[in-house]
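Colleague: So here's run11.cif, just mmCIF, N, CA and C atoms, pLDDT in the B column; chains and numbers go by the auth columns:
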```cif
data_target
#
loop_
_atom_site.group_PDB
_atom_site.id
_atom_site.type_symbol
_atom_site.label_atom_id
_atom_site.label_comp_id
_atom_site.label_asym_id
_atom_site.label_seq_id
_atom_site.Cartn_x
_atom_site.Cartn_y
_atom_site.Cartn_z
_atom_site.B_iso_or_equiv
_atom_site.auth_seq_id
_atom_site.auth_asym_id
ATOM 1 N N MET A 1 -3.432 11.271 3.627 96.00 1 X
ATOM 2 C CA MET A 1 -3.193 10.198 2.696 96.00 1 X
ATOM 3 C C MET A 1 -4.120 9.036 3.037 96.00 1 X
ATOM 4 N N GLU A 2 -4.714 8.475 1.999 97.00 2 X
ATOM 5 C CA GLU A 2 -5.521 7.273 2.139 97.00 2 X
ATOM 6 C C GLU A 2 -5.046 6.261 1.111 97.00 2 X
ATOM 7 N N ILE A 3 -4.970 5.005 1.527 98.00 3 X
ATOM 8 C CA ILE A 3 -4.431 3.950 0.678 98.00 3 X
ATOM 9 C C ILE A 3 -5.493 2.886 0.444 98.00 3 X
ATOM 10 N N ARG A 4 -5.533 2.391 -0.774 98.00 4 X
ATOM 11 C CA ARG A 4 -6.361 1.231 -1.111 98.00 4 X
ATOM 12 C C ARG A 4 -5.483 0.240 -1.855 98.00 4 X
ATOM 13 N N VAL A 5 -5.795 -1.034 -1.719 98.00 5 X
ATOM 14 C CA VAL A 5 -5.073 -2.067 -2.457 98.00 5 X
ATOM 15 C C VAL A 5 -6.081 -2.973 -3.158 98.00 5 X
ATOM 16 N N ASP A 6 -5.677 -3.526 -4.286 98.00 6 X
ATOM 17 C CA ASP A 6 -6.516 -4.450 -5.045 98.00 6 X
ATOM 18 C C ASP A 6 -5.898 -5.841 -4.930 98.00 6 X
ATOM 19 N N ARG A 7 -6.336 -6.592 -3.946 97.00 7 X
ATOM 20 C CA ARG A 7 -5.780 -7.935 -3.705 97.00 7 X
ATOM 21 C C ARG A 7 -6.042 -8.878 -4.873 97.00 7 X
ATOM 22 N N ASP A 8 -7.095 -8.634 -5.648 97.00 8 X
ATOM 23 C CA ASP A 8 -7.409 -9.509 -6.781 97.00 8 X
ATOM 24 C C ASP A 8 -6.337 -9.446 -7.866 97.00 8 X
ATOM 25 N N ARG A 9 -5.640 -8.319 -7.963 98.00 9 X
ATOM 26 C CA ARG A 9 -4.596 -8.163 -8.977 98.00 9 X
ATOM 27 C C ARG A 9 -3.186 -8.360 -8.425 98.00 9 X
ATOM 28 N N CYS A 10 -3.052 -8.514 -7.108 98.00 10 X
ATOM 29 C CA CYS A 10 -1.750 -8.636 -6.464 98.00 10 X
ATOM 30 C C CYS A 10 -1.021 -9.895 -6.942 98.00 10 X
ATOM 31 N N LEU A 11 0.276 -9.747 -7.231 97.00 11 X
ATOM 32 C CA LEU A 11 1.114 -10.862 -7.670 97.00 11 X
ATOM 33 C C LEU A 11 1.878 -11.509 -6.524 97.00 11 X
ATOM 34 N N GLY A 12 1.884 -10.873 -5.356 97.00 12 X
ATOM 35 C CA GLY A 12 2.595 -11.413 -4.204 97.00 12 X
ATOM 36 C C GLY A 12 4.094 -11.200 -4.250 97.00 12 X
ATOM 37 N N ALA A 13 4.550 -10.180 -4.975 97.00 13 X
ATOM 38 C CA ALA A 13 5.986 -9.910 -5.085 97.00 13 X
ATOM 39 C C ALA A 13 6.578 -9.443 -3.757 97.00 13 X
ATOM 40 N N GLY A 14 5.784 -8.791 -2.926 97.00 14 X
ATOM 41 C CA GLY A 14 6.235 -8.380 -1.598 97.00 14 X
ATOM 42 C C GLY A 14 7.014 -7.084 -1.541 97.00 14 X
ATOM 43 N N MET A 15 7.109 -6.361 -2.638 97.00 15 X
ATOM 44 C CA MET A 15 7.852 -5.102 -2.645 97.00 15 X
ATOM 45 C C MET A 15 7.244 -4.094 -1.674 97.00 15 X
ATOM 46 N N CYS A 16 5.929 -4.095 -1.550 97.00 16 X
ATOM 47 C CA CYS A 16 5.271 -3.159 -0.637 97.00 16 X
ATOM 48 C C CYS A 16 5.664 -3.440 0.808 97.00 16 X
ATOM 49 N N ALA A 17 5.642 -4.708 1.192 98.00 17 X
ATOM 50 C CA ALA A 17 5.982 -5.082 2.567 98.00 17 X
ATOM 51 C C ALA A 17 7.452 -4.819 2.873 98.00 17 X
ATOM 52 N N LEU A 18 8.309 -4.961 1.885 98.00 18 X
ATOM 53 C CA LEU A 18 9.729 -4.671 2.078 98.00 18 X
ATOM 54 C C LEU A 18 9.993 -3.171 2.179 98.00 18 X
ATOM 55 N N THR A 19 9.242 -2.394 1.407 98.00 19 X
ATOM 56 C CA THR A 19 9.456 -0.946 1.344 98.00 19 X
ATOM 57 C C THR A 19 8.787 -0.200 2.491 98.00 19 X
ATOM 58 N N ALA A 20 7.598 -0.618 2.880 98.00 20 X
ATOM 59 C CA ALA A 20 6.843 0.065 3.938 98.00 20 X
ATOM 60 C C ALA A 20 6.215 -0.979 4.868 98.00 20 X
ATOM 61 N N PRO A 21 7.033 -1.675 5.666 98.00 21 X
ATOM 62 C CA PRO A 21 6.520 -2.767 6.494 98.00 21 X
ATOM 63 C C PRO A 21 5.558 -2.338 7.607 98.00 21 X
ATOM 64 N N ALA A 22 5.529 -1.070 7.949 97.00 22 X
ATOM 65 C CA ALA A 22 4.587 -0.599 8.959 97.00 22 X
ATOM 66 C C ALA A 22 3.196 -0.395 8.364 97.00 22 X
ATOM 67 N N VAL A 23 3.103 -0.408 7.034 98.00 23 X
ATOM 68 C CA VAL A 23 1.838 -0.143 6.363 98.00 23 X
ATOM 69 C C VAL A 23 1.328 -1.369 5.604 98.00 23 X
ATOM 70 N N PHE A 24 2.245 -2.171 5.058 98.00 24 X
ATOM 71 C CA PHE A 24 1.869 -3.333 4.252 98.00 24 X
ATOM 72 C C PHE A 24 2.492 -4.605 4.801 98.00 24 X
ATOM 73 N N ASP A 25 1.791 -5.705 4.592 98.00 25 X
ATOM 74 C CA ASP A 25 2.310 -7.030 4.922 98.00 25 X
ATOM 75 C C ASP A 25 1.816 -7.970 3.826 98.00 25 X
ATOM 76 N N GLN A 26 2.144 -9.247 3.968 98.00 26 X
ATOM 77 C CA GLN A 26 1.648 -10.266 3.055 98.00 26 X
ATOM 78 C C GLN A 26 0.962 -11.344 3.870 98.00 26 X
ATOM 79 N N ASP A 27 -0.151 -11.892 3.330 96.00 27 X
ATOM 80 C CA ASP A 27 -0.817 -12.957 4.065 96.00 27 X
ATOM 81 C C ASP A 27 -0.001 -14.247 3.957 96.00 27 X
ATOM 82 N N GLU A 28 -0.180 -15.114 4.927 95.00 28 X
ATOM 83 C CA GLU A 28 0.605 -16.342 4.991 95.00 28 X
ATOM 84 C C GLU A 28 0.145 -17.389 3.980 95.00 28 X
ATOM 85 N N ASP A 29 -1.102 -17.338 3.558 94.00 29 X
ATOM 86 C CA ASP A 29 -1.634 -18.355 2.652 94.00 29 X
ATOM 87 C C ASP A 29 -1.167 -18.171 1.211 94.00 29 X
ATOM 88 N N GLU A 30 -1.362 -16.986 0.668 95.00 30 X
ATOM 89 C CA GLU A 30 -1.074 -16.752 -0.749 95.00 30 X
ATOM 90 C C GLU A 30 0.025 -15.720 -0.977 95.00 30 X
ATOM 91 N N GLY A 31 0.465 -15.054 0.072 96.00 31 X
ATOM 92 C CA GLY A 31 1.487 -14.032 -0.078 96.00 31 X
ATOM 93 C C GLY A 31 0.972 -12.725 -0.652 96.00 31 X
ATOM 94 N N LEU A 32 -0.343 -12.540 -0.629 98.00 32 X
ATOM 95 C CA LEU A 32 -0.942 -11.327 -1.189 98.00 32 X
ATOM 96 C C LEU A 32 -0.865 -10.177 -0.197 98.00 32 X
ATOM 97 N N VAL A 33 -0.938 -8.981 -0.718 98.00 33 X
ATOM 98 C CA VAL A 33 -0.819 -7.776 0.092 98.00 33 X
ATOM 99 C C VAL A 33 -1.898 -7.719 1.169 98.00 33 X
ATOM 100 N N VAL A 34 -1.478 -7.262 2.338 98.00 34 X
ATOM 101 C CA VAL A 34 -2.387 -6.974 3.451 98.00 34 X
ATOM 102 C C VAL A 34 -2.115 -5.529 3.847 98.00 34 X
ATOM 103 N N LEU A 35 -3.135 -4.715 3.827 98.00 35 X
ATOM 104 C CA LEU A 35 -3.012 -3.315 4.205 98.00 35 X
ATOM 105 C C LEU A 35 -3.183 -3.206 5.718 98.00 35 X
ATOM 106 N N LEU A 36 -2.129 -2.799 6.397 98.00 36 X
ATOM 107 C CA LEU A 36 -2.147 -2.693 7.856 98.00 36 X
ATOM 108 C C LEU A 36 -2.710 -1.366 8.337 98.00 36 X
ATOM 109 N N ASN A 37 -2.537 -0.318 7.529 96.00 37 X
ATOM 110 C CA ASN A 37 -2.976 1.015 7.944 96.00 37 X
ATOM 111 C C ASN A 37 -3.356 1.823 6.707 96.00 37 X
ATOM 112 N N ALA A 38 -4.645 2.014 6.486 97.00 38 X
ATOM 113 C CA ALA A 38 -5.121 2.739 5.302 97.00 38 X
ATOM 114 C C ALA A 38 -4.862 4.238 5.383 97.00 38 X
ATOM 115 N N ARG A 39 -4.588 4.729 6.588 97.00 39 X
ATOM 116 C CA ARG A 39 -4.299 6.156 6.779 97.00 39 X
ATOM 117 C C ARG A 39 -3.067 6.297 7.663 97.00 39 X
ATOM 118 N N PRO A 40 -1.905 6.050 7.085 97.00 40 X
ATOM 119 C CA PRO A 40 -0.673 6.066 7.882 97.00 40 X
ATOM 120 C C PRO A 40 -0.287 7.469 8.316 97.00 40 X
ATOM 121 N N PRO A 41 0.521 7.564 9.369 96.00 41 X
ATOM 122 C CA PRO A 41 0.989 8.873 9.820 96.00 41 X
ATOM 123 C C PRO A 41 1.939 9.495 8.790 96.00 41 X
ATOM 124 N N GLN A 42 2.114 10.782 8.893 96.00 42 X
ATOM 125 C CA GLN A 42 2.921 11.565 7.955 96.00 42 X
ATOM 126 C C GLN A 42 4.306 10.960 7.721 96.00 42 X
ATOM 127 N N GLU A 43 4.939 10.458 8.765 97.00 43 X
ATOM 128 C CA GLU A 43 6.302 9.943 8.613 97.00 43 X
ATOM 129 C C GLU A 43 6.374 8.681 7.758 97.00 43 X
ATOM 130 N N ARG A 44 5.262 8.071 7.437 97.00 44 X
ATOM 131 C CA ARG A 44 5.227 6.877 6.575 97.00 44 X
ATOM 132 C C ARG A 44 4.864 7.199 5.127 97.00 44 X
ATOM 133 N N HIS A 45 4.458 8.414 4.839 97.00 45 X
ATOM 134 C CA HIS A 45 3.965 8.766 3.512 97.00 45 X
ATOM 135 C C HIS A 45 4.992 8.546 2.405 97.00 45 X
ATOM 136 N N ALA A 46 6.218 8.938 2.616 98.00 46 X
ATOM 137 C CA ALA A 46 7.245 8.786 1.577 98.00 46 X
ATOM 138 C C ALA A 46 7.442 7.311 1.237 98.00 46 X
ATOM 139 N N ALA A 47 7.515 6.458 2.249 98.00 47 X
ATOM 140 C CA ALA A 47 7.696 5.023 2.013 98.00 47 X
ATOM 141 C C ALA A 47 6.494 4.429 1.279 98.00 47 X
ATOM 142 N N VAL A 48 5.299 4.896 1.607 98.00 48 X
ATOM 143 C CA VAL A 48 4.091 4.412 0.928 98.00 48 X
ATOM 144 C C VAL A 48 4.127 4.801 -0.544 98.00 48 X
ATOM 145 N N ARG A 49 4.523 6.014 -0.836 97.00 49 X
ATOM 146 C CA ARG A 49 4.609 6.447 -2.235 97.00 49 X
ATOM 147 C C ARG A 49 5.615 5.598 -3.007 97.00 49 X
ATOM 148 N N VAL A 50 6.745 5.310 -2.390 98.00 50 X
ATOM 149 C CA VAL A 50 7.750 4.447 -3.033 98.00 50 X
ATOM 150 C C VAL A 50 7.168 3.058 -3.249 98.00 50 X
ATOM 151 N N ALA A 51 6.520 2.500 -2.238 98.00 51 X
ATOM 152 C CA ALA A 51 5.924 1.169 -2.350 98.00 51 X
ATOM 153 C C ALA A 51 4.916 1.115 -3.493 98.00 51 X
ATOM 154 N N ALA A 52 4.098 2.142 -3.617 98.00 52 X
ATOM 155 C CA ALA A 52 3.124 2.186 -4.714 98.00 52 X
ATOM 156 C C ALA A 52 3.846 2.224 -6.058 98.00 52 X
ATOM 157 N N GLY A 53 4.942 2.943 -6.117 97.00 53 X
ATOM 158 C CA GLY A 53 5.685 3.057 -7.370 97.00 53 X
ATOM 159 C C GLY A 53 6.421 1.798 -7.774 97.00 53 X
ATOM 160 N N VAL A 54 6.853 0.996 -6.813 98.00 54 X
ATOM 161 C CA VAL A 54 7.615 -0.210 -7.150 98.00 54 X
ATOM 162 C C VAL A 54 6.750 -1.459 -7.261 98.00 54 X
ATOM 163 N N CYS A 55 5.479 -1.352 -6.963 98.00 55 X
ATOM 164 C CA CYS A 55 4.590 -2.508 -7.063 98.00 55 X
ATOM 165 C C CYS A 55 4.484 -2.947 -8.528 98.00 55 X
ATOM 166 N N PRO A 56 4.909 -4.180 -8.852 97.00 56 X
ATOM 167 C CA PRO A 56 4.904 -4.609 -10.247 97.00 56 X
ATOM 168 C C PRO A 56 3.511 -4.760 -10.853 97.00 56 X
ATOM 169 N N ALA A 57 2.497 -4.933 -10.020 97.00 57 X
ATOM 170 C CA ALA A 57 1.129 -5.070 -10.519 97.00 57 X
ATOM 171 C C ALA A 57 0.319 -3.788 -10.374 97.00 57 X
ATOM 172 N N ALA A 58 0.927 -2.748 -9.812 97.00 58 X
ATOM 173 C CA ALA A 58 0.270 -1.444 -9.620 97.00 58 X
ATOM 174 C C ALA A 58 -1.067 -1.589 -8.899 97.00 58 X
ATOM 175 N N VAL A 59 -1.064 -2.307 -7.774 98.00 59 X
ATOM 176 C CA VAL A 59 -2.307 -2.555 -7.038 98.00 59 X
ATOM 177 C C VAL A 59 -2.533 -1.587 -5.883 98.00 59 X
ATOM 178 N N ILE A 60 -1.582 -0.674 -5.662 98.00 60 X
ATOM 179 C CA ILE A 60 -1.686 0.270 -4.548 98.00 60 X
ATOM 180 C C ILE A 60 -2.139 1.623 -5.080 98.00 60 X
ATOM 181 N N THR A 61 -3.230 2.129 -4.532 97.00 61 X
ATOM 182 C CA THR A 61 -3.736 3.446 -4.899 97.00 61 X
ATOM 183 C C THR A 61 -3.559 4.371 -3.702 97.00 61 X
ATOM 184 N N VAL A 62 -2.904 5.485 -3.934 97.00 62 X
ATOM 185 C CA VAL A 62 -2.664 6.475 -2.886 97.00 62 X
ATOM 186 C C VAL A 62 -3.445 7.729 -3.232 97.00 62 X
ATOM 187 N N THR A 63 -4.268 8.191 -2.311 96.00 63 X
ATOM 188 C CA THR A 63 -5.028 9.423 -2.493 96.00 63 X
ATOM 189 C C THR A 63 -4.571 10.388 -1.405 96.00 63 X
ATOM 190 N N GLU A 64 -4.119 11.545 -1.834 91.00 64 X
ATOM 191 C CA GLU A 64 -3.682 12.563 -0.886 91.00 64 X
ATOM 192 C C GLU A 64 -4.913 13.261 -0.322 91.00 64 X
ATOM 193 N N ARG A 65 -4.896 13.523 0.972 80.00 65 X
ATOM 194 C CA ARG A 65 -6.019 14.227 1.614 80.00 65 X
ATOM 195 C C ARG A 65 -6.157 15.625 1.032 80.00 65 X
ATOM 196 N N GLY A 66 -7.400 16.015 0.843 70.00 66 X
ATOM 197 C CA GLY A 66 -7.663 17.345 0.301 70.00 66 X
ATOM 198 C C GLY A 66 -7.419 17.418 -1.195 70.00 66 X
ATOM 199 N N SER A 67 -7.289 16.247 -1.824 56.00 67 X
ATOM 200 C CA SER A 67 -7.011 16.201 -3.252 56.00 67 X
ATOM 201 C C SER A 67 -7.846 15.102 -3.872 56.00 67 X
ATOM 202 N N SER A 68 -8.235 15.289 -5.091 53.00 68 X
ATOM 203 C CA SER A 68 -8.952 14.226 -5.800 53.00 68 X
ATOM 204 C C SER A 68 -7.998 13.456 -6.688 53.00 68 X
ATOM 205 N N THR A 69 -6.703 13.723 -6.578 51.00 69 X
ATOM 206 C CA THR A 69 -5.685 13.070 -7.391 51.00 69 X
ATOM 207 C C THR A 69 -5.234 11.787 -6.733 51.00 69 X
ATOM 208 N N ALA A 70 -5.268 10.699 -7.482 56.00 70 X
ATOM 209 C CA ALA A 70 -4.782 9.409 -6.983 56.00 70 X
ATOM 210 C C ALA A 70 -3.589 8.986 -7.804 56.00 70 X
ATOM 211 N N SER A 71 -2.703 8.210 -7.169 55.00 71 X
ATOM 212 C CA SER A 71 -1.567 7.671 -7.914 55.00 71 X
ATOM 213 C C SER A 71 -1.450 6.187 -7.686 55.00 71 X
#
```
Would you mind giving the structure from this file in structure tokens?
Modeller:
Amino acid sequence: MEIRVDRDRCLGAGMCALTAPAVFDQDEDEGLVVLLNARPPQERHAAVRVAAGVCPAAVITVTERGSSTAS
């Protein structure tokens, strides 16, 4: 799994940091998403997928390894 975030479109809702705090955080200045680990371990994958799904601005892109499919 590889993760990318688009900070330019981030609304600062913080759902990602609440859902997967080992992978996402928010910066102190604007509250925008901070990606802590672009390639999290297997045990974090489910939480990352949920975080991507609940992001109101859809700024999280998840690409599964060995796949060209992104969500």
Colleague: Residue by residue, what does the PyMOL selection byres ((chain X and resi 13-18) around 8) grab here? Present the result as a PyMOL selection string.
Modeller: chain X and resi 10-12+19-26+31-34+47-48+50-52+54-57
Colleague: So that all listed atoms of region 13-22 of chain X fit with 4 Å spare on each side, what axis-aligned box centre and edge lengths in Å, to one decimal, would you give as JSON?
Modeller:
```
{"center_x": 6.6, "center_y": -5.1, "center_z": 1.9, "size_x": 14.8, "size_y": 18.2, "size_z": 22.0}
```
Colleague: When the PyMOL selection byres (((chain X and resi 3 and name CA) around 9) and name CA) is applied to the file above, which residues end up in the set, as a PyMOL selection string?
Modeller: chain X and resi 1-2+4-5+35+37-40+48+60-64
Colleague: For the selection you just gave me, I'd like the residues written to a file as a PDB file, in the frame of the given file, keeping N, CA and C atoms.
Modeller:
```pdb
ATOM      1  N   MET X   1      -3.432  11.271   3.627  1.00 96.00           N
ATOM      2  CA  MET X   1      -3.193  10.198   2.696  1.00 96.00           C
ATOM      3  C   MET X   1      -4.120   9.036   3.037  1.00 96.00           C
ATOM      4  N   GLU X   2      -4.714   8.475   1.999  1.00 97.00           N
ATOM      5  CA  GLU X   2      -5.521   7.273   2.139  1.00 97.00           C
ATOM      6  C   GLU X   2      -5.046   6.261   1.111  1.00 97.00           C
ATOM      7  N   ARG X   4      -5.533   2.391  -0.774  1.00 98.00           N
ATOM      8  CA  ARG X   4      -6.361   1.231  -1.111  1.00 98.00           C
ATOM      9  C   ARG X   4      -5.483   0.240  -1.855  1.00 98.00           C
ATOM     10  N   VAL X   5      -5.795  -1.034  -1.719  1.00 98.00           N
ATOM     11  CA  VAL X   5      -5.073  -2.067  -2.457  1.00 98.00           C
ATOM     12  C   VAL X   5      -6.081  -2.973  -3.158  1.00 98.00           C
ATOM     13  N   LEU X  35      -3.135  -4.715   3.827  1.00 98.00           N
ATOM     14  CA  LEU X  35      -3.012  -3.315   4.205  1.00 98.00           C
ATOM     15  C   LEU X  35      -3.183  -3.206   5.718  1.00 98.00           C
ATOM     16  N   ASN X  37      -2.537  -0.318   7.529  1.00 96.00           N
ATOM     17  CA  ASN X  37      -2.976   1.015   7.944  1.00 96.00           C
ATOM     18  C   ASN X  37      -3.356   1.823   6.707  1.00 96.00           C
ATOM     19  N   ALA X  38      -4.645   2.014   6.486  1.00 97.00           N
ATOM     20  CA  ALA X  38      -5.121   2.739   5.302  1.00 97.00           C
ATOM     21  C   ALA X  38      -4.862   4.238   5.383  1.00 97.00           C
ATOM     22  N   ARG X  39      -4.588   4.729   6.588  1.00 97.00           N
ATOM     23  CA  ARG X  39      -4.299   6.156   6.779  1.00 97.00           C
ATOM     24  C   ARG X  39      -3.067   6.297   7.663  1.00 97.00           C
ATOM     25  N   PRO X  40      -1.905   6.050   7.085  1.00 97.00           N
ATOM     26  CA  PRO X  40      -0.673   6.066   7.882  1.00 97.00           C
ATOM     27  C   PRO X  40      -0.287   7.469   8.316  1.00 97.00           C
ATOM     28  N   VAL X  48       5.299   4.896   1.607  1.00 98.00           N
ATOM     29  CA  VAL X  48       4.091   4.412   0.928  1.00 98.00           C
ATOM     30  C   VAL X  48       4.127   4.801  -0.544  1.00 98.00           C
ATOM     31  N   ILE X  60      -1.582  -0.674  -5.662  1.00 98.00           N
ATOM     32  CA  ILE X  60      -1.686   0.270  -4.548  1.00 98.00           C
ATOM     33  C   ILE X  60      -2.139   1.623  -5.080  1.00 98.00           C
ATOM     34  N   THR X  61      -3.230   2.129  -4.532  1.00 97.00           N
ATOM     35  CA  THR X  61      -3.736   3.446  -4.899  1.00 97.00           C
ATOM     36  C   THR X  61      -3.559   4.371  -3.702  1.00 97.00           C
ATOM     37  N   VAL X  62      -2.904   5.485  -3.934  1.00 97.00           N
ATOM     38  CA  VAL X  62      -2.664   6.475  -2.886  1.00 97.00           C
ATOM     39  C   VAL X  62      -3.445   7.729  -3.232  1.00 97.00           C
ATOM     40  N   THR X  63      -4.268   8.191  -2.311  1.00 96.00           N
ATOM     41  CA  THR X  63      -5.028   9.423  -2.493  1.00 96.00           C
ATOM     42  C   THR X  63      -4.571  10.388  -1.405  1.00 96.00           C
ATOM     43  N   GLU X  64      -4.119  11.545  -1.834  1.00 91.00           N
ATOM     44  CA  GLU X  64      -3.682  12.563  -0.886  1.00 91.00           C
ATOM     45  C   GLU X  64      -4.913  13.261  -0.322  1.00 91.00           C
TER      46      GLU X  64
END
```
Colleague: What does the structure give for the distance between CA of Arg65 (chain X) and CA of Asp6 (chain X), in Å to one decimal?
Modeller: 19.8 Å
Colleague: I need the residues of region 1-68 of chain X that end up classed as helix (DSSP H, G or I) by DSSP on the backbone, written out as a PyMOL selection string.
Modeller: chain X and resi 15-19+42-54
Colleague: Just give me the gap between atom C of Gly53 (chain X) and atom N of Arg9 (chain X) in Å, one decimal is fine.
Modeller: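 Between these atoms lies a distance of 15.7 Å.
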Colleague: In Å, how far is it from CA of Asp27 (chain X) to CA of Arg7 (chain X)?
Modeller: 10.5 Å
Colleague: Please give the complete set of residues from chain X that DSSP, run on the backbone, assigns to strand (DSSP E), formatted as an NGL selection string.
Modeller: :X and (2-5 or 24-26 or 33-35 or 60-63)
Colleague: Rebuild region 32-44 of chain X to N, CA, C and O atoms - output it as a PDB file, keeping the file's coordinate frame, please.
Modeller:
```pdb
ATOM      1  N   LEU X  32      -0.343 -12.540  -0.629  1.00 98.00           N
ATOM      2  CA  LEU X  32      -0.942 -11.327  -1.189  1.00 98.00           C
ATOM      3  C   LEU X  32      -0.865 -10.177  -0.197  1.00 98.00           C
ATOM      4  O   LEU X  32      -0.774 -10.379   1.014  1.00 98.00           O
ATOM      5  N   VAL X  33      -0.938  -8.981  -0.718  1.00 98.00           N
ATOM      6  CA  VAL X  33      -0.819  -7.776   0.092  1.00 98.00           C
ATOM      7  C   VAL X  33      -1.898  -7.719   1.169  1.00 98.00           C
ATOM      8  O   VAL X  33      -3.050  -8.087   0.941  1.00 98.00           O
ATOM      9  N   VAL X  34      -1.478  -7.262   2.338  1.00 98.00           N
ATOM     10  CA  VAL X  34      -2.387  -6.974   3.451  1.00 98.00           C
ATOM     11  C   VAL X  34      -2.115  -5.529   3.847  1.00 98.00           C
ATOM     12  O   VAL X  34      -0.976  -5.165   4.135  1.00 98.00           O
ATOM     13  N   LEU X  35      -3.135  -4.715   3.827  1.00 98.00           N
ATOM     14  CA  LEU X  35      -3.012  -3.315   4.205  1.00 98.00           C
ATOM     15  C   LEU X  35      -3.183  -3.206   5.718  1.00 98.00           C
ATOM     16  O   LEU X  35      -4.238  -3.509   6.261  1.00 98.00           O
ATOM     17  N   LEU X  36      -2.129  -2.799   6.397  1.00 98.00           N
ATOM     18  CA  LEU X  36      -2.147  -2.693   7.856  1.00 98.00           C
ATOM     19  C   LEU X  36      -2.710  -1.366   8.337  1.00 98.00           C
ATOM     20  O   LEU X  36      -3.260  -1.285   9.432  1.00 98.00           O
ATOM     21  N   ASN X  37      -2.537  -0.318   7.529  1.00 96.00           N
ATOM     22  CA  ASN X  37      -2.976   1.015   7.944  1.00 96.00           C
ATOM     23  C   ASN X  37      -3.356   1.823   6.707  1.00 96.00           C
ATOM     24  O   ASN X  37      -2.482   2.255   5.959  1.00 96.00           O
ATOM     25  N   ALA X  38      -4.645   2.014   6.486  1.00 97.00           N
ATOM     26  CA  ALA X  38      -5.121   2.739   5.302  1.00 97.00           C
ATOM     27  C   ALA X  38      -4.862   4.238   5.383  1.00 97.00           C
ATOM     28  O   ALA X  38      -4.903   4.933   4.370  1.00 97.00           O
ATOM     29  N   ARG X  39      -4.588   4.729   6.588  1.00 97.00           N
ATOM     30  CA  ARG X  39      -4.299   6.156   6.779  1.00 97.00           C
ATOM     31  C   ARG X  39      -3.067   6.297   7.663  1.00 97.00           C
ATOM     32  O   ARG X  39      -3.166   6.628   8.847  1.00 97.00           O
ATOM     33  N   PRO X  40      -1.905   6.050   7.085  1.00 97.00           N
ATOM     34  CA  PRO X  40      -0.673   6.066   7.882  1.00 97.00           C
ATOM     35  C   PRO X  40      -0.287   7.469   8.316  1.00 97.00           C
ATOM     36  O   PRO X  40      -0.691   8.465   7.694  1.00 97.00           O
ATOM     37  N   PRO X  41       0.521   7.564   9.369  1.00 96.00           N
ATOM     38  CA  PRO X  41       0.989   8.873   9.820  1.00 96.00           C
ATOM     39  C   PRO X  41       1.939   9.495   8.790  1.00 96.00           C
ATOM     40  O   PRO X  41       2.496   8.809   7.931  1.00 96.00           O
ATOM     41  N   GLN X  42       2.114  10.782   8.893  1.00 96.00           N
ATOM     42  CA  GLN X  42       2.921  11.565   7.955  1.00 96.00           C
ATOM     43  C   GLN X  42       4.306  10.960   7.721  1.00 96.00           C
ATOM     44  O   GLN X  42       4.792  10.939   6.598  1.00 96.00           O
ATOM     45  N   GLU X  43       4.939  10.458   8.765  1.00 97.00           N
ATOM     46  CA  GLU X  43       6.302   9.943   8.613  1.00 97.00           C
ATOM     47  C   GLU X  43       6.374   8.681   7.758  1.00 97.00           C
ATOM     48  O   GLU X  43       7.456   8.271   7.357  1.00 97.00           O
ATOM     49  N   ARG X  44       5.262   8.071   7.437  1.00 97.00           N
ATOM     50  CA  ARG X  44       5.227   6.877   6.575  1.00 97.00           C
ATOM     51  C   ARG X  44       4.864   7.199   5.127  1.00 97.00           C
ATOM     52  O   ARG X  44       4.960   6.340   4.262  1.00 97.00           O
TER      53      ARG X  44
END
```
